[in-house]
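Content type CSV, C-alpha atoms, from the file entry37.csv:
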chain,number,residue,atom,x,y,z
A,30,MET,CA,-35.2,5.6,37.2
A,31,ALA,CA,-35.0,2.0,36.2
A,32,GLU,CA,-37.3,-0.4,38.1
A,33,PHE,CA,-35.4,-1.8,41.1
A,34,ASN,CA,-35.1,-5.5,41.1
A,35,ILE,CA,-32.8,-6.9,43.8
A,36,ASN,CA,-32.8,-10.4,42.4
A,37,LYS,CA,-31.5,-9.3,39.0
A,38,LEU,CA,-28.8,-7.3,40.7
A,39,LEU,CA,-27.7,-10.3,42.8
A,40,VAL,CA,-27.5,-12.3,39.6
A,41,LEU,CA,-25.3,-9.7,38.0
A,42,LEU,CA,-23.1,-9.5,41.1
A,43,SER,CA,-22.6,-13.3,41.0
A,44,LYS,CA,-20.9,-13.0,37.6
A,45,ASP,CA,-17.1,-12.7,37.2
A,46,ILE,CA,-16.7,-9.0,36.5
A,47,PRO,CA,-13.6,-8.2,34.3
A,48,ILE,CA,-10.8,-6.3,36.0
A,49,ALA,CA,-9.2,-3.5,34.0
A,50,ALA,CA,-5.6,-4.0,33.0
A,51,GLU,CA,-3.6,-1.4,34.9
A,52,LYS,CA,-1.5,0.8,32.7
A,53,GLN,CA,2.1,1.0,33.8
A,54,THR,CA,3.4,4.5,33.9
A,55,GLY,CA,6.2,4.9,31.4
A,56,PHE,CA,8.6,7.6,30.4
A,57,LEU,CA,6.3,8.9,27.7
A,58,ASP,CA,3.4,9.2,30.2
A,59,ILE,CA,5.6,11.2,32.5
A,60,VAL,CA,6.1,13.9,29.9
A,61,ASP,CA,2.5,13.6,28.6
A,62,GLN,CA,3.7,12.3,25.2
A,63,SER,CA,2.4,8.7,25.1
A,64,ASN,CA,0.2,9.2,22.1
A,65,LYS,CA,1.9,12.1,20.3
A,66,GLU,CA,2.9,11.0,16.7
A,67,THR,CA,5.9,13.3,16.4
A,68,THR,CA,7.3,12.0,19.7
A,69,ILE,CA,6.6,8.4,18.8
A,70,CYS,CA,8.5,8.9,15.5
A,71,LYS,CA,11.5,10.3,17.4
A,72,VAL,CA,11.5,7.2,19.5
A,73,TYR,CA,11.4,4.9,16.5
A,74,LYS,CA,14.3,6.9,15.0
A,75,TYR,CA,16.4,6.6,18.1
A,76,PHE,CA,16.0,2.8,18.3
A,77,LEU,CA,16.6,2.4,14.6
A,78,ASP,CA,19.9,4.2,14.9
A,79,GLN,CA,22.7,1.8,14.2
A,80,ASP,CA,25.1,3.7,16.4
A,81,SER,CA,23.1,4.5,19.5
A,82,SER,CA,21.4,1.2,19.8
A,83,PRO,CA,22.9,-1.3,17.4
A,84,ALA,CA,21.4,-4.5,18.8
A,85,ILE,CA,17.9,-3.1,19.0
A,86,ALA,CA,18.2,-1.4,15.6
A,87,GLU,CA,19.3,-4.7,14.0
A,88,SER,CA,16.3,-6.6,15.4
A,89,LEU,CA,13.9,-3.8,14.5
A,90,MET,CA,15.1,-3.7,10.9
A,91,TYR,CA,15.1,-7.5,10.6
A,92,SER,CA,11.5,-7.5,11.8
A,93,LEU,CA,10.4,-4.7,9.5
A,94,LEU,CA,12.0,-6.2,6.4
A,95,SER,CA,10.4,-9.5,7.2
A,96,LEU,CA,7.0,-7.9,7.4
A,97,ILE,CA,7.6,-5.9,4.2
A,98,GLU,CA,8.5,-9.1,2.3
A,99,ALA,CA,5.4,-10.9,3.6
A,100,LYS,CA,3.0,-8.0,2.9
A,101,TYR,CA,4.3,-7.3,-0.6
A,102,THR,CA,4.3,-11.1,-1.4
A,103,GLU,CA,0.5,-11.0,-0.6
A,104,LYS,CA,0.2,-8.3,-3.2
A,105,GLU,CA,2.3,-10.4,-5.6
A,106,MET,CA,5.0,-7.7,-5.7
A,107,LEU,CA,8.7,-8.4,-5.4
A,108,LYS,CA,11.0,-5.9,-3.6
A,109,GLU,CA,14.8,-5.9,-3.8
A,110,LEU,CA,16.1,-4.1,-0.7
A,111,ASP,CA,19.5,-3.7,0.9
A,112,PHE,CA,19.7,-2.0,4.3
A,113,GLU,CA,23.0,-3.2,5.6
A,114,SER,CA,23.8,0.4,6.4
A,115,TYR,CA,21.1,3.2,6.4
A,116,GLU,CA,20.1,6.6,7.7
A,117,VAL,CA,16.8,7.6,9.3
A,118,TYR,CA,15.1,11.0,8.7
A,119,LEU,CA,12.0,12.5,10.2
A,120,GLU,CA,9.5,15.1,8.9
A,121,VAL,CA,10.8,15.0,5.4
A,122,VAL,CA,9.2,18.0,3.5
A,123,THR,CA,7.5,17.3,0.2
A,124,SER,CA,5.6,19.6,-2.1
A,125,LYS,CA,2.3,18.7,-0.4
A,126,GLY,CA,3.2,17.6,3.2
A,127,ARG,CA,5.7,15.9,5.4
A,128,ILE,CA,6.7,12.2,5.5
A,129,ASP,CA,7.0,11.1,9.1
A,130,ILE,CA,9.9,8.6,8.7
A,131,VAL,CA,12.2,7.9,5.8
A,132,ILE,CA,14.8,5.1,5.9
A,133,LYS,CA,17.4,5.3,3.2
A,134,ASP,CA,20.3,2.9,2.6
A,135,THR,CA,23.6,4.7,2.5
A,136,THR,CA,24.2,3.8,-1.2
A,137,GLU,CA,20.8,5.4,-2.0
A,138,GLN,CA,19.6,2.3,-3.8
A,139,SER,CA,16.8,1.4,-1.4
A,140,ILE,CA,14.3,3.5,0.6
A,141,ILE,CA,11.3,3.0,3.0
A,142,ILE,CA,8.7,5.7,3.4
A,143,ILE,CA,6.6,5.5,6.6
A,144,GLU,CA,3.5,7.4,7.4
A,145,VAL,CA,2.8,7.0,11.2
A,146,LYS,CA,-0.7,7.1,12.6
A,147,VAL,CA,-1.8,7.1,16.2
A,148,PHE,CA,-5.5,8.0,16.8
A,149,HIS,CA,-5.6,9.9,13.5
A,150,ASN,CA,-6.9,8.9,10.1
A,151,ILE,CA,-5.1,8.9,6.8
A,152,GLU,CA,-7.4,11.4,5.0
A,153,GLY,CA,-5.2,14.4,5.3
A,154,ASN,CA,-2.1,12.7,3.8
A,155,ASP,CA,-1.3,12.8,0.1
A,156,LEU,CA,0.2,9.3,-0.2
A,157,GLN,CA,0.8,9.7,-3.9
A,158,ASN,CA,2.8,12.8,-3.3
A,159,TYR,CA,5.0,11.0,-0.7
A,160,TRP,CA,5.6,8.2,-3.2
A,161,GLU,CA,6.5,10.5,-6.1
A,162,HIS,CA,8.8,12.6,-3.9
A,163,TYR,CA,11.4,9.8,-4.3
A,164,SER,CA,10.9,9.3,-8.0
A,165,LYS,CA,14.5,8.4,-8.7
A,166,TYR,CA,14.2,5.1,-6.9
A,167,LYS,CA,13.1,2.1,-8.8
A,168,ARG,CA,9.7,0.6,-7.8
A,169,GLU,CA,11.3,-2.6,-6.7
A,170,ASN,CA,13.7,-0.7,-4.4
A,171,LYS,CA,11.1,1.5,-2.9
A,172,VAL,CA,8.7,0.7,0.0
A,173,ALA,CA,5.8,2.7,1.3
A,174,ILE,CA,4.2,1.9,4.7
A,175,VAL,CA,1.2,3.2,6.7
A,176,LEU,CA,2.2,2.4,10.3
A,177,ALA,CA,-1.0,2.4,12.4
A,178,LEU,CA,-2.6,1.0,15.5
A,179,ASP,CA,-5.0,-1.1,13.4
A,180,ASN,CA,-5.5,-2.1,9.8
A,181,VAL,CA,-6.1,1.0,7.7
A,182,ASP,CA,-8.4,0.8,4.6
A,183,LEU,CA,-6.4,2.3,1.7
A,184,SER,CA,-9.0,1.6,-0.9
A,185,GLY,CA,-9.7,4.5,-3.1
A,186,LYS,CA,-6.3,6.1,-2.3
A,187,ASN,CA,-4.0,7.0,-5.1
A,188,GLN,CA,-0.9,4.9,-5.1
A,189,GLN,CA,-2.6,2.4,-2.8
A,190,GLU,CA,-1.1,-0.6,-4.7
A,191,ASP,CA,2.3,0.6,-3.6
A,192,TYR,CA,1.5,1.0,0.0
A,193,ILE,CA,1.2,-1.6,2.7
A,194,VAL,CA,-0.2,-1.3,6.2
A,195,ILE,CA,1.8,-2.5,9.1
A,196,THR,CA,0.5,-2.1,12.7
A,197,HIS,CA,2.7,-1.0,15.5
A,198,ASN,CA,1.9,-4.2,17.3
A,199,GLU,CA,2.9,-6.3,14.3
A,200,TRP,CA,6.2,-4.7,14.1
A,201,LEU,CA,7.2,-4.4,17.8
A,202,SER,CA,5.8,-7.8,18.9
A,203,SER,CA,8.0,-9.6,16.5
A,204,VAL,CA,11.2,-7.9,17.7
A,205,SER,CA,13.4,-10.0,19.9
A,206,VAL,CA,16.3,-8.4,21.7
A,207,SER,CA,18.3,-10.0,24.5
A,208,ILE,CA,20.9,-8.6,26.8
A,209,ASP,CA,24.4,-9.4,25.8
A,210,LYS,CA,27.7,-7.6,25.9
A,211,THR,CA,26.8,-5.4,22.9
A,212,THR,CA,23.3,-4.4,24.3
A,213,ASN,CA,22.9,-1.2,26.2
A,214,SER,CA,20.8,-2.3,29.2
A,215,LYS,CA,19.4,1.2,29.6
A,216,ASN,CA,18.2,1.3,26.0
A,217,LEU,CA,16.7,-2.1,26.4
A,218,ILE,CA,14.6,-0.9,29.4
A,219,TYR,CA,13.5,2.2,27.4
A,220,PHE,CA,12.6,0.0,24.4
A,221,LYS,CA,10.5,-2.5,26.4
A,222,ASP,CA,8.8,0.5,28.0
A,223,PHE,CA,8.0,1.9,24.5
A,224,ILE,CA,6.6,-1.5,23.4
A,225,THR,CA,4.4,-1.5,26.5
A,226,ASN,CA,3.2,2.0,25.6
A,227,MET,CA,2.3,1.1,22.0
A,228,ASP,CA,0.6,-2.1,23.1
A,229,PHE,CA,-1.6,-0.1,25.5
A,230,LEU,CA,-2.5,2.3,22.7
A,231,THR,CA,-3.3,-0.6,20.4
A,232,LYS,CA,-5.6,-2.2,23.0
A,233,ALA,CA,-7.3,1.2,23.7
A,234,ILE,CA,-8.9,1.3,20.3
A,235,ASP,CA,-10.4,-2.2,20.8
A,236,MET,CA,-13.4,-3.3,22.8
A,237,ASN,CA,-11.9,-4.5,26.1
A,238,ASP,CA,-13.5,-7.0,28.4
A,239,GLN,CA,-14.7,-4.4,30.9
A,240,ALA,CA,-16.4,-2.2,28.2
A,241,LYS,CA,-18.0,-5.3,26.7
A,242,PHE,CA,-19.3,-6.4,30.1
A,243,TYR,CA,-20.8,-3.0,30.7
A,244,PHE,CA,-22.6,-2.8,27.3
A,245,GLU,CA,-24.0,-6.3,27.9
A,246,HIS,CA,-25.3,-5.4,31.3
A,247,ALA,CA,-25.7,-1.6,31.1
A,248,LYS,CA,-29.2,-1.4,32.6
A,249,LYS,CA,-28.3,-3.5,35.6
A,250,ILE,CA,-25.0,-1.7,36.2
A,251,ASP,CA,-26.9,1.6,36.1
A,252,GLN,CA,-29.1,0.2,38.8
A,253,VAL,CA,-26.0,-0.7,40.8
A,254,ILE,CA,-24.8,2.9,40.5
A,255,GLU,CA,-28.2,4.1,41.7
A,256,THR,CA,-28.0,1.6,44.6
A,257,ARG,CA,-24.6,3.1,45.6
A,258,GLN,CA,-26.1,6.6,45.5
A,259,ALA,CA,-28.8,5.3,47.8
A,260,ALA,CA,-26.1,4.1,50.2
A,261,ILE,CA,-24.5,7.5,50.1
A,262,ASP,CA,-27.8,9.2,50.8
A,263,TYR,CA,-28.4,6.8,53.7
A,264,SER,CA,-25.0,7.4,55.2
A,265,LEU,CA,-25.3,11.2,55.0
A,266,ASN,CA,-28.8,11.1,56.6
A,267,GLN,CA,-27.5,8.9,59.4
A,268,LEU,CA,-24.6,11.4,59.9
A,269,GLN,CA,-27.1,14.3,60.0
A,270,ILE,CA,-29.2,12.5,62.6
A,271,ALA,CA,-26.2,11.7,64.8
A,272,SER,CA,-24.9,15.2,64.5
A,273,ASN,CA,-28.3,16.8,65.4
A,274,GLU,CA,-28.7,14.6,68.4
A,275,LEU,CA,-25.2,15.6,69.7
A,276,GLY,CA,-25.7,19.4,69.0
A,277,PHE,CA,-23.5,19.6,65.9
A,278,GLU,CA,-24.1,21.1,62.5
A,279,VAL,CA,-23.0,19.4,59.3
A,280,TYR,CA,-20.9,21.5,56.9
A,281,GLY,CA,-19.4,20.9,53.4
A,282,ARG,CA,-20.6,20.8,49.9
A,283,SER,CA,-18.5,17.8,48.9
A,284,SER,CA,-20.2,14.4,48.9
A,285,THR,CA,-16.9,12.7,49.9
A,286,TYR,CA,-16.5,14.3,53.3
A,287,LYS,CA,-18.4,16.4,55.9
A,288,CYS,CA,-17.3,18.5,58.8
A,289,LEU,CA,-19.2,18.6,62.1
A,290,LYS,CA,-19.0,21.8,64.1
A,291,ASN,CA,-20.8,23.4,67.1
A,292,SER,CA,-20.6,26.7,68.9
A,293,ASP,CA,-17.6,25.6,71.1
A,294,SER,CA,-15.1,26.2,68.3
A,295,GLU,CA,-14.8,27.0,64.6
A,296,GLU,CA,-11.2,25.6,64.6
A,297,VAL,CA,-11.5,22.3,66.4
A,298,TYR,CA,-14.1,20.0,64.9
A,299,TYR,CA,-14.8,16.5,63.4
A,300,THR,CA,-14.4,15.3,59.8
A,301,VAL,CA,-16.1,12.3,58.4
A,302,PHE,CA,-15.2,10.7,55.1
A,303,VAL,CA,-18.3,9.3,53.5
A,304,GLU,CA,-16.4,7.1,51.0
A,305,GLU,CA,-14.8,5.2,53.9
A,306,ILE,CA,-18.2,4.5,55.3
A,307,LEU,CA,-19.2,2.9,52.0
A,308,ASN,CA,-16.1,0.8,51.7
A,309,PRO,CA,-16.4,-2.4,53.7
A,310,ASN,CA,-12.6,-2.7,53.8
A,311,PHE,CA,-12.3,0.6,55.8
A,312,PRO,CA,-13.6,1.3,59.2
A,313,VAL,CA,-16.2,4.0,59.9
A,314,LYS,CA,-14.0,6.8,61.2
A,315,ILE,CA,-14.4,10.1,63.0
A,316,VAL,CA,-11.4,12.4,62.6
A,317,LEU,CA,-10.5,15.3,65.0
A,318,GLU,CA,-9.3,18.2,62.8
A,319,LEU,CA,-7.6,21.5,63.7
A,320,PHE,CA,-7.9,24.5,61.5
A,321,GLY,CA,-6.5,28.0,61.3
A,322,HIS,CA,-4.7,29.2,64.4
A,323,ALA,CA,-5.4,25.9,66.2
A,324,ARG,CA,-3.5,24.2,63.4
A,325,THR,CA,-0.4,26.3,64.2
A,326,GLN,CA,-0.5,25.0,67.8
A,327,SER,CA,-0.9,21.3,66.7
A,328,SER,CA,2.6,20.1,67.9
A,329,ARG,CA,2.1,21.5,71.4
A,330,ILE,CA,-1.5,20.3,71.5
A,331,LYS,CA,-0.7,16.8,70.3
A,332,LYS,CA,2.1,16.4,72.9
A,333,SER,CA,-0.3,17.6,75.6
A,334,VAL,CA,-3.0,15.2,74.7
A,335,LEU,CA,-0.6,12.2,74.5
A,336,SER,CA,0.5,12.9,78.0
A,337,SER,CA,-3.1,13.3,79.3
A,338,LYS,CA,-5.7,10.8,80.5
A,339,TYR,CA,-7.5,11.1,77.2
A,340,VAL,CA,-4.9,9.2,75.2
A,341,LYS,CA,-6.5,5.8,75.7
A,342,GLY,CA,-8.1,4.5,72.5
A,343,LEU,CA,-7.0,7.3,70.3
A,344,GLU,CA,-5.8,6.6,66.8
A,345,MET,CA,-3.0,8.8,65.3
A,346,GLU,CA,-3.6,10.7,62.1
A,347,ASP,CA,-1.0,12.5,59.9
A,348,ASN,CA,-3.0,14.1,57.0
A,349,SER,CA,-2.4,17.8,56.8
A,350,ASP,CA,-1.7,20.9,54.7
A,351,SER,CA,-1.0,24.5,55.4
A,352,SER,CA,-4.5,25.2,56.7
A,353,PHE,CA,-5.5,22.0,58.6
A,354,ILE,CA,-4.2,19.0,60.3
A,355,HIS,CA,-5.8,15.7,61.3
A,356,LEU,CA,-4.6,14.9,64.8
A,357,PHE,CA,-6.6,11.9,66.2
A,358,SER,CA,-9.5,9.6,65.3
A,359,ARG,CA,-11.7,6.9,66.5
A,360,SER,CA,-12.9,4.1,64.2
A,361,ARG,CA,-14.9,0.9,64.1
A,362,LEU,CA,-15.0,-1.8,61.3
A,363,LEU,CA,-18.6,-2.7,60.6
A,364,GLY,CA,-20.0,-5.9,59.3
A,365,PRO,CA,-22.7,-5.8,56.5
A,366,THR,CA,-25.6,-6.2,59.0
A,367,GLU,CA,-24.3,-3.5,61.4
A,368,TYR,CA,-25.0,-0.6,59.0
A,369,ASP,CA,-28.6,-0.7,60.3
A,370,ASN,CA,-27.3,1.0,63.4
A,371,LEU,CA,-25.0,3.5,61.7
A,372,THR,CA,-26.4,6.4,63.6
A,373,ASP,CA,-25.6,4.8,66.9
A,374,THR,CA,-22.0,3.9,65.7
A,375,LEU,CA,-21.4,7.5,64.6
A,376,LYS,CA,-22.7,8.9,67.9
A,377,GLU,CA,-20.5,6.5,70.0
A,378,LEU,CA,-17.4,7.5,68.0
A,379,ILE,CA,-18.1,11.2,68.4
A,380,GLU,CA,-18.9,10.8,72.1
A,381,ALA,CA,-15.6,8.9,72.6
A,382,LEU,CA,-13.7,11.9,71.0
A,383,GLU,CA,-15.6,14.7,72.7
A,384,PRO,CA,-13.5,14.8,75.9
A,385,VAL,CA,-10.4,15.1,73.7
A,386,ARG,CA,-12.0,17.9,71.6
A,387,LYS,CA,-13.1,19.8,74.8
A,388,TYR,CA,-9.6,19.3,76.3
A,389,ILE,CA,-8.0,20.8,73.2
A,390,ILE,CA,-10.3,23.8,73.1
A,391,LYS,CA,-9.6,24.4,76.8
A,392,GLU,CA,-5.8,24.2,76.1
A,393,LEU,CA,-6.1,26.7,73.3
A,394,ASN,CA,-8.2,29.1,75.3
A,395,GLU,CA,-5.8,29.1,78.2
A,396,SER,CA,-2.9,29.8,75.9
A,397,ASN,CA,-4.5,32.9,74.4
Please render this file's structure as structure tokens.
Amino acid sequence: MAEFNINKLLVLLSKDIPIAAEKQTGFLDIVDQSNKETTICKVYKYFLDQDSSPAIAESLMYSLLSLIEAKYTEKEMLKELDFESYEVYLEVVTSKGRIDIVIKDTTEQSIIIIEVKVFHNIEGNDLQNYWEHYSKYKRENKVAIVLALDNVDLSGKNQQEDYIVITHNEWLSSVSVSIDKTTNSKNLIYFKDFITNMDFLTKAIDMNDQAKFYFEHAKKIDQVIETRQAAIDYSLNQLQIASNELGFEVYGRSSTYKCLKNSDSEEVYYTVFVEEILNPNFPVKIVLELFGHARTQSSRIKKSVLSSKYVKGLEMEDNSDSSFIHLFSRSRLLGPTEYDNLTDTLKELIEALEPVRKYIIKELNESN
């Protein structure tokens, strides 16, 4: 275990800790396809379709052709392309593989070959074979692209001089589509969602601010993690002491919650969520739980308790499943200095609920 130094930890905690960018759930996340290359190719094909999404297709092609011109100009190569009308094909079979996306103009004078990469390298792809598959096209009318999340090194690859690398972000970030009478608003929503997805995948391969912060302060952060575990251990010990003093046994292998039971009943007991004790934004809470047969009587029991003298100070709970239900609770929000007396707080909350628990047990026994 690293040597504990509270002053160093306080210095760390005084720093601005980066907050992770929350990923928005998109339609590809819902179907677990957010990073699947074949699915991403299908999405590109859909938005490149001049019939299904003409406004988006026009902007996508304009952006792509602009990038093509710029990239080949850097290689001192001139391309003569005409894509006023075109068709998009996926998974085109060659003698040594499959080309992910092929865009051919309808006059068959110009062609774009695209190998799509998401979290995969280029090693298993025969780029030369893909290029030679369309040998009837003149070199100046043929384009070959590796479309990847970041810049791919093509050095040492056959036909590398004919390929250019374009990143998903380069292409999609330069697309500008606005809503007008010819734009399908639903398609625009889907397209923006797709851009967000690809932007997230692009950022996932780069060192983000949170990861950088961790690696710069790893030893101290590990100490913070150890400190949190010490707080968990302390809370569990305090709960054990409070339970023992009140005649309860603590049950449960989970470190997130514990159940407190005694000989009065196996079906009416207390549950304590340790994570809530550790969170200063949540009150320390003792929950009254019904299990098994008692759970089946919960509606009647709840109604009886609410009409009894024990209702005062009770907090309502609604968490349940087929085997248990949380009926009532007692809680108290503690300040940072009040955790020294956590045992006393837990005992007071349990003692405040005990008359209710005993009343419920009595009601259940009388109904049997």
Find the residues near region 82-97 of chain A: any atom within 8 Å, counting only C-alpha atoms, skip ones fewer than 2 places away on the same chain, and give them as a PDB file with C-alpha atoms, keeping the file's coordinate frame.
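File part-v6.pdb, as written:
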ATOM      1  CA  TYR A  75      16.400   6.600  18.100  1.00  0.00           C
ATOM      2  CA  PHE A  76      16.000   2.800  18.300  1.00  0.00           C
ATOM      3  CA  LEU A  77      16.600   2.400  14.600  1.00  0.00           C
ATOM      4  CA  ASP A  78      19.900   4.200  14.900  1.00  0.00           C
ATOM      5  CA  GLN A  79      22.700   1.800  14.200  1.00  0.00           C
ATOM      6  CA  ASP A  80      25.100   3.700  16.400  1.00  0.00           C
ATOM      7  CA  ALA A  99       5.400 -10.900   3.600  1.00  0.00           C
ATOM      8  CA  LYS A 100       3.000  -8.000   2.900  1.00  0.00           C
ATOM      9  CA  TYR A 101       4.300  -7.300  -0.600  1.00  0.00           C
ATOM     10  CA  VAL A 172       8.700   0.700   0.000  1.00  0.00           C
ATOM     11  CA  ILE A 193       1.200  -1.600   2.700  1.00  0.00           C
ATOM     12  CA  ILE A 195       1.800  -2.500   9.100  1.00  0.00           C
ATOM     13  CA  TRP A 200       6.200  -4.700  14.100  1.00  0.00           C
ATOM     14  CA  LEU A 201       7.200  -4.400  17.800  1.00  0.00           C
ATOM     15  CA  SER A 203       8.000  -9.600  16.500  1.00  0.00           C
ATOM     16  CA  VAL A 204      11.200  -7.900  17.700  1.00  0.00           C
ATOM     17  CA  SER A 205      13.400 -10.000  19.900  1.00  0.00           C
ATOM     18  CA  VAL A 206      16.300  -8.400  21.700  1.00  0.00           C
ATOM     19  CA  THR A 211      26.800  -5.400  22.900  1.00  0.00           C
ATOM     20  CA  THR A 212      23.300  -4.400  24.300  1.00  0.00           C
ATOM     21  CA  ASN A 213      22.900  -1.200  26.200  1.00  0.00           C
ATOM     22  CA  ASN A 216      18.200   1.300  26.000  1.00  0.00           C
ATOM     23  CA  LEU A 217      16.700  -2.100  26.400  1.00  0.00           C
TER      24      LEU A 217
END
Checklist line | Residues within 8 Å of (-5.6, 7.5, 67.8), file coords, only C-alpha atoms, listed as number ranges by chain | finding: A: 340, 342-346, 357-359
Check: Nearest to Ser333 (chain A): which of A:Thr366, A:Glu295, A:Phe311, A:Val385 is it, counting only C-alpha atoms?
Finding: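 Looking only at the distances to Ser333 (chain A), the closest residue turns out to be A:Val385.
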Check: Using only C-alpha atoms, which residue out of A:Val122, A:Ile224, A:Leu289, A:Ile130 lies closest to Lys71 (chain A)?
Finding: A:Ile130
Check: Distance CA of Val279 (chain A)-CA of Phe302 (chain A), one decimal place?
Finding: 12.4 Å
Taking (9.1, 15.6, 0.5) in the file's coordinates, which residues come within 12 Å, counting only C-alpha atoms, written as a PDB file with C-alpha atoms, keeping the file's coordinate frame?
ATOM      1  CA  TYR A 118      15.100  11.000   8.700  1.00  0.00           C
ATOM      2  CA  LEU A 119      12.000  12.500  10.200  1.00  0.00           C
ATOM      3  CA  GLU A 120       9.500  15.100   8.900  1.00  0.00           C
ATOM      4  CA  VAL A 121      10.800  15.000   5.400  1.00  0.00           C
ATOM      5  CA  VAL A 122       9.200  18.000   3.500  1.00  0.00           C
ATOM      6  CA  THR A 123       7.500  17.300   0.200  1.00  0.00           C
ATOM      7  CA  SER A 124       5.600  19.600  -2.100  1.00  0.00           C
ATOM      8  CA  LYS A 125       2.300  18.700  -0.400  1.00  0.00           C
ATOM      9  CA  GLY A 126       3.200  17.600   3.200  1.00  0.00           C
ATOM     10  CA  ARG A 127       5.700  15.900   5.400  1.00  0.00           C
ATOM     11  CA  ILE A 128       6.700  12.200   5.500  1.00  0.00           C
ATOM     12  CA  ASP A 129       7.000  11.100   9.100  1.00  0.00           C
ATOM     13  CA  ILE A 130       9.900   8.600   8.700  1.00  0.00           C
ATOM     14  CA  VAL A 131      12.200   7.900   5.800  1.00  0.00           C
ATOM     15  CA  ILE A 142       8.700   5.700   3.400  1.00  0.00           C
ATOM     16  CA  ASP A 155      -1.300  12.800   0.100  1.00  0.00           C
ATOM     17  CA  LEU A 156       0.200   9.300  -0.200  1.00  0.00           C
ATOM     18  CA  GLN A 157       0.800   9.700  -3.900  1.00  0.00           C
ATOM     19  CA  ASN A 158       2.800  12.800  -3.300  1.00  0.00           C
ATOM     20  CA  TYR A 159       5.000  11.000  -0.700  1.00  0.00           C
ATOM     21  CA  TRP A 160       5.600   8.200  -3.200  1.00  0.00           C
ATOM     22  CA  GLU A 161       6.500  10.500  -6.100  1.00  0.00           C
ATOM     23  CA  HIS A 162       8.800  12.600  -3.900  1.00  0.00           C
ATOM     24  CA  TYR A 163      11.400   9.800  -4.300  1.00  0.00           C
ATOM     25  CA  SER A 164      10.900   9.300  -8.000  1.00  0.00           C
TER      26      SER A 164
END
Margin query: List the spatial neighbours of Ile390 (chain A) as a ChimeraX atom specification - criterion: any atom at most 10 Å away, all atoms listed in the file, same-chain residues fewer than 5 positions off excluded.
Written below: /A:293-294,296-298,323,330,384-385,395-396
Check: Which of these residues is nearest to Thr67 (chain A), using all atoms listed in the file: A:Ser81, A:Ile315, A:Glu144, A:Lys104?
Finding: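 Ranked by minimum distance to Thr67 (chain A), first place goes to A:Glu144.
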Item checked: Pairwise distance for CA of Gln267 (chain A) and CA of Tyr368 (chain A), rounded to one decimal in Å ->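 Straight-line distance from CA of Gln267 (chain A) to CA of Tyr368 (chain A) works out to 9.8 Å.
The gap separating CA of Glu152 (chain A) from CA of Lys133 (chain A) is 25.6 Å, in Å to one decimal.
Proximity to Ser284 (chain A) was assessed for A:Ser184, A:Ser328, A:Thr231, A:Gln258 counting only C-alpha atoms; the smallest distance is recorded for A:Gln258.
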Checklist line | From A:Glu383, A:Ile270, A:Val147, A:Lys165, residue lying nearest Phe229 (chain A) [only C-alpha atoms] | finding: A:Val147
With 8 Å on each side, where is the centre of the axis-aligned box around all listed atoms of region 346-362 of chain A, and how long are its edges in Å to one decimal, as lines of an AutoDock Vina configuration file?
center_x = -8.0
center_y = 11.7
center_z = 60.6
size_x = 30.0
size_y = 43.0
size_z = 27.8
Checklist line | Selection: 7 Å around Ala173 (chain A), only C-alpha atoms, excl. self and same-chain fewer than 2 positions, as a PyMOL selection string | finding: chain A and resi 141-143+171+191-193
Item checked: Contacts of Thr68 (chain A) within 10 Å, only C-alpha atoms, excl. fewer than 6 positions in-chain, as a ChimeraX atom specification -> /A:57,62,74
Generate a file of the selected residues that holds C-alpha atoms, formatted as a PDB file, in the frame of the given file.
ATOM      1  CA  LEU A  57       6.300   8.900  27.700  1.00  0.00           C
ATOM      2  CA  GLN A  62       3.700  12.300  25.200  1.00  0.00           C
ATOM      3  CA  LYS A  74      14.300   6.900  15.000  1.00  0.00           C
TER       4      LYS A  74
END
Check: Skipping near chain neighbours, those fewer than 3 positions away, what residues fall within 9 Å of Tyr115 (chain A) using all atoms listed in the file, listed as an NGL selection string?
Finding: :A and (78-79 or 111-112 or 132-137 or 140)
Item checked: Best match for closeness to Met106 (chain A) among A:Ser63, A:Asn154, A:Asn170, A:Asn394, counting only C-alpha atoms ->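 Smallest distance to Met106 (chain A) is found for A:Asn170.
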